[in-house]
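S.K.: Before we start, here is the structure in question, set down as structure tokens.
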Amino acid sequence: MINSEKKKMTEQMRTSARIRRNLASFEFDENELSEITESVIRLADATGAKLDKAISMTLTVFKGAAKSAFIAGVEFARRWISVDEELPEAEEYVFIKWRGGYIFRAKLIEVNAEDDVAMRWVDQRDGLADIESPVTHWRHIELK
């Protein structure tokens, strides 16, 4: 009986180690790895699949999710934000787009309280550029 329990524990440790090796490229903390390991074992038991198949199915799901998250992040970073929707933080250099499609680096230094459209920008050379209505969009240069 004791040998049987010891053998079962050894097999569980090997199984856990195999799953963790396959998930090493993902940055999970210890609690997440434990939960995933238990889920993979339950998946194998519930489907009657071999452990390798359960690991493969799990990795396919994680790779798909990682790819989707990466694409969403790239789309977010490349997104042009309408000045009607949101303005950048004061003194933060951003790329701005004018109505004619021109793009350059500038920072917003003030918005005229009497006229929501009038904005005062400083360009990349720190020269004042009073740009009123042509600026339509902006986007971060670097996300923090």
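Residue numbering restarts at 1 for every chain of the structure tokens, chains are lettered A, B, ... in their displayed order, and ligands are numbered from 1 as they appear.
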Skip Arg20 in chain A itself and residues of its chain fewer than 2 positions away, then list as a list in words all residues within 9 Å of it, counting only C-alpha atoms.

M.R.: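 Using only C-alpha atoms, the neighbours found are Thr15, Ser16, Ala17, Arg18, Asn22, Leu23, Ala24, Leu33, Ser34, Ile36 and Thr37 of chain A.
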
S.K.: Mind dumping the selected residues with N, CA and C atoms as a PDB file, in the first residue's frame?

M.R.:
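Contents of selection_10.pdb, as written:
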ATOM      1  N   THR A  15       4.291  14.254 -13.781  1.00  0.00           N
ATOM      2  CA  THR A  15       3.253  14.876 -14.609  1.00  0.00           C
ATOM      3  C   THR A  15       3.305  16.387 -14.453  1.00  0.00           C
ATOM      4  N   SER A  16       3.373  16.825 -13.221  1.00  0.00           N
ATOM      5  CA  SER A  16       3.430  18.257 -12.940  1.00  0.00           C
ATOM      6  C   SER A  16       4.669  18.877 -13.588  1.00  0.00           C
ATOM      7  N   ALA A  17       5.794  18.231 -13.497  1.00  0.00           N
ATOM      8  CA  ALA A  17       7.046  18.730 -14.082  1.00  0.00           C
ATOM      9  C   ALA A  17       6.934  18.812 -15.606  1.00  0.00           C
ATOM     10  N   ARG A  18       6.315  17.821 -16.241  1.00  0.00           N
ATOM     11  CA  ARG A  18       6.134  17.852 -17.704  1.00  0.00           C
ATOM     12  C   ARG A  18       5.263  19.021 -18.122  1.00  0.00           C
ATOM     13  N   ASN A  22       6.416  22.483 -20.349  1.00  0.00           N
ATOM     14  CA  ASN A  22       5.721  22.904 -21.562  1.00  0.00           C
ATOM     15  C   ASN A  22       5.168  24.328 -21.448  1.00  0.00           C
ATOM     16  N   LEU A  23       4.944  24.784 -20.238  1.00  0.00           N
ATOM     17  CA  LEU A  23       4.408  26.132 -20.024  1.00  0.00           C
ATOM     18  C   LEU A  23       5.493  27.142 -19.677  1.00  0.00           C
ATOM     19  N   ALA A  24       6.745  26.729 -19.736  1.00  0.00           N
ATOM     20  CA  ALA A  24       7.854  27.584 -19.303  1.00  0.00           C
ATOM     21  C   ALA A  24       7.954  28.885 -20.094  1.00  0.00           C
ATOM     22  N   LEU A  33       0.588  28.447 -12.153  1.00  0.00           N
ATOM     23  CA  LEU A  33       1.094  27.170 -12.657  1.00  0.00           C
ATOM     24  C   LEU A  33       0.414  25.987 -11.972  1.00  0.00           C
ATOM     25  N   SER A  34       0.196  26.094 -10.674  1.00  0.00           N
ATOM     26  CA  SER A  34      -0.476  25.010  -9.947  1.00  0.00           C
ATOM     27  C   SER A  34      -1.905  24.828 -10.450  1.00  0.00           C
ATOM     28  N   ILE A  36      -3.127  25.700 -13.379  1.00  0.00           N
ATOM     29  CA  ILE A  36      -3.102  25.194 -14.756  1.00  0.00           C
ATOM     30  C   ILE A  36      -2.761  23.711 -14.776  1.00  0.00           C
ATOM     31  N   THR A  37      -1.795  23.317 -13.960  1.00  0.00           N
ATOM     32  CA  THR A  37      -1.408  21.902 -13.887  1.00  0.00           C
ATOM     33  C   THR A  37      -2.610  21.049 -13.490  1.00  0.00           C
TER      34      THR A  37
END

S.K.: Run DSSP on the backbone of this structure and report the residues of range 3-128 of chain A it assigns to alpha helix (DSSP H), as a PyMOL selection string.

M.R.: chain A and resi 3-22+30-47+51-78

S.K.: Just the residues within 7 Å of Arg139 in chain A, please, counting only C-alpha atoms, with nothing from its chain fewer than 3 positions along; format it as a count of residues only.

M.R.: 6

S.K.: Quick check, in Å to one decimal: how far apart do CA of Ser39 in chain A and CA of Met13 in chain A lie?

M.R.: 14.9 Å

S.K.: Give me the residues within 9 Å of Glu91 in chain A as a list of chain:residue names, counting only C-alpha atoms and dropping any in the same chain fewer than 5 places off.

M.R.: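 Those residues are A:Ala106, A:Lys107, A:Leu108, A:Ile109, A:Val122.
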
S.K.: Within 9 Å of Leu51 in chain A, counting only C-alpha atoms, which residues show up once you throw out same-chain ones fewer than 4 positions away? Write them as a count of residues only, please.

M.R.: 9

S.K.: Measure the distance from CA of Lys50 in chain A to CA of Thr10 in chain A in Å and round it to one decimal.

M.R.: 17.8 Å

S.K.: So which residues of chain A fall under strand (DSSP E) by DSSP, listed as a PyMOL selection string?

M.R.: chain A and resi 81-82+93-98+103-111+119-123+128-131+135-140

S.K.: For His137 in chain A, which residue out of A:Ser82, A:Gln12, A:Thr47, A:Thr58 is the nearest one, using only C-alpha atoms?

M.R.: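 When distances to His137 in chain A are compared using only C-alpha atoms, the smallest one comes from A:Ser82.
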